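Shown next: coords.cif, given as mmCIF, C-alpha atoms, pLDDT in the B column; chains and numbers go by the auth columns.
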```
data_entry
loop_
_atom_site.group_PDB
_atom_site.id
_atom_site.type_symbol
_atom_site.label_atom_id
_atom_site.label_comp_id
_atom_site.label_asym_id
_atom_site.label_seq_id
_atom_site.Cartn_x
_atom_site.Cartn_y
_atom_site.Cartn_z
_atom_site.B_iso_or_equiv
_atom_site.auth_seq_id
_atom_site.auth_asym_id
ATOM 1 C CA MET A 1 9.375 2.178 11.180 47.00 1 V
ATOM 2 C CA ALA A 2 6.022 3.896 10.626 56.00 2 V
ATOM 3 C CA GLN A 3 3.007 1.918 9.447 58.00 3 V
ATOM 4 C CA GLN A 4 -0.543 2.768 8.517 59.00 4 V
ATOM 5 C CA GLU A 5 -3.242 0.114 8.044 59.00 5 V
ATOM 6 C CA ARG A 6 -6.498 0.051 6.048 61.00 6 V
ATOM 7 C CA THR A 7 -8.875 -2.865 5.678 58.00 7 V
ATOM 8 C CA GLU A 8 -11.523 -3.567 3.051 57.00 8 V
ATOM 9 C CA ARG A 9 -13.515 -6.686 2.233 57.00 9 V
ATOM 10 C CA THR A 10 -14.334 -7.401 -1.379 53.00 10 V
ATOM 11 C CA GLY A 11 -16.641 -10.389 -1.748 53.00 11 V
ATOM 12 C CA SER A 12 -15.043 -13.186 0.253 45.00 12 V
ATOM 13 C CA GLU A 13 -11.536 -11.675 0.083 69.00 13 V
ATOM 14 C CA GLU A 14 -10.088 -9.419 2.730 82.00 14 V
ATOM 15 C CA HIS A 15 -7.454 -6.834 1.872 85.00 15 V
ATOM 16 C CA ARG A 16 -5.479 -5.162 4.632 90.00 16 V
ATOM 17 C CA THR A 17 -2.844 -2.700 3.494 92.00 17 V
ATOM 18 C CA THR A 18 0.034 -1.194 5.418 94.00 18 V
ATOM 19 C CA THR A 19 2.768 1.244 4.569 95.00 19 V
ATOM 20 C CA VAL A 20 6.275 0.261 5.586 95.00 20 V
ATOM 21 C CA GLU A 21 9.288 2.559 5.644 95.00 21 V
ATOM 22 C CA ASN A 22 12.659 1.245 4.547 93.00 22 V
ATOM 23 C CA GLY A 23 15.331 3.920 4.728 95.00 23 V
ATOM 24 C CA HIS A 24 14.261 6.865 2.580 96.00 24 V
ATOM 25 C CA PHE A 25 11.505 4.866 0.885 97.00 25 V
ATOM 26 C CA CYS A 26 7.956 3.868 1.786 97.00 26 V
ATOM 27 C CA VAL A 27 6.153 0.845 0.312 97.00 27 V
ATOM 28 C CA ALA A 28 2.486 -0.136 0.445 96.00 28 V
ATOM 29 C CA GLU A 29 1.832 -3.843 1.093 95.00 29 V
ATOM 30 C CA CYS A 30 -1.297 -5.997 1.387 93.00 30 V
ATOM 31 C CA VAL A 31 -1.986 -9.283 3.177 92.00 31 V
ATOM 32 C CA CYS A 32 -2.988 -10.762 -0.227 91.00 32 V
ATOM 33 C CA GLY A 33 0.641 -10.477 -1.373 92.00 33 V
ATOM 34 C CA TRP A 34 0.330 -7.285 -3.419 93.00 34 V
ATOM 35 C CA ARG A 35 3.187 -4.792 -3.038 94.00 35 V
ATOM 36 C CA GLY A 36 3.381 -1.324 -4.508 95.00 36 V
ATOM 37 C CA PRO A 37 6.486 0.399 -5.839 95.00 37 V
ATOM 38 C CA ALA A 38 8.943 2.057 -3.449 96.00 38 V
ATOM 39 C CA ARG A 39 8.097 5.726 -3.019 97.00 39 V
ATOM 40 C CA ARG A 40 9.962 8.620 -1.440 97.00 40 V
ATOM 41 C CA ALA A 41 6.677 10.265 -0.451 96.00 41 V
ATOM 42 C CA ARG A 42 4.491 8.493 2.129 95.00 42 V
ATOM 43 C CA SER A 43 1.424 10.091 0.562 95.00 43 V
ATOM 44 C CA ARG A 44 2.166 8.356 -2.773 96.00 44 V
ATOM 45 C CA ALA A 45 2.505 4.971 -1.022 95.00 45 V
ATOM 46 C CA ARG A 46 -0.827 5.584 0.746 94.00 46 V
ATOM 47 C CA SER A 47 -2.389 6.464 -2.619 94.00 47 V
ATOM 48 C CA ASP A 48 -1.029 3.217 -4.068 94.00 48 V
ATOM 49 C CA ALA A 49 -2.642 1.286 -1.172 93.00 49 V
ATOM 50 C CA ALA A 50 -5.948 3.098 -1.645 92.00 50 V
ATOM 51 C CA GLY A 51 -5.820 2.294 -5.366 92.00 51 V
ATOM 52 C CA HIS A 52 -5.252 -1.372 -4.593 91.00 52 V
ATOM 53 C CA LEU A 53 -8.260 -1.421 -2.267 88.00 53 V
ATOM 54 C CA THR A 54 -10.498 0.132 -4.911 87.00 54 V
ATOM 55 C CA GLY A 55 -9.174 -2.012 -7.765 82.00 55 V
ATOM 56 C CA ARG A 56 -7.151 0.666 -9.529 74.00 56 V
ATOM 57 C CA SER A 57 -3.767 -0.729 -10.506 62.00 57 V
ATOM 58 C CA VAL A 58 -0.502 1.112 -10.089 63.00 58 V
ATOM 59 C CA ALA A 59 1.639 1.314 -13.205 56.00 59 V
ATOM 60 C CA PRO A 60 5.236 0.205 -12.581 54.00 60 V
ATOM 61 C CA GLY A 61 7.633 3.116 -12.325 53.00 61 V
ATOM 62 C CA SER A 62 4.894 5.708 -11.764 55.00 62 V
#
```

Give the structure from this file in structure tokens form.
Amino acid sequence: MAQQERTERTGSEEHRTTTVENGHFCVAECVCGWRGPARRARSRARSDAAGHLTGRSVAPGS
């Protein structure tokens, strides 16, 4: 299972995202409880994580 981590502090909150592979899918997750949609492309899951860190939301099913 491959994982990639990024950390960012926003105010007093800390966000640490990882990407987790599950079969043919990759999901971005954060220690705050946020979880992105399952993606077939790792790059899309990493983009979801980056969007979470910068405050951009991911539309469901995108």

>> Would you compute the distance between CA of His52 (chain V) and CA of Gly23 (chain V)? Give it in Å to one decimal.
In response: 23.2 Å

>> Expand the PyMOL selection byres ((chain V and resi 36) around 12) into the explicit residue set it covers here, and present it as number ranges by chain.
In response: V: 17-20, 25-30, 33-35, 37-39, 42, 44-53, 56-62

I'd like the box whose edges run along x, y and z of the file and which contains every listed atom of region 21-25 of chain V, padded by 8 Å per side; could you state its centre and edge lengths in Å, one decimal, as lines of an AutoDock Vina configuration file?
```
center_x = 12.3
center_y = 4.1
center_z = 3.3
size_x = 22.0
size_y = 21.6
size_z = 20.8
```
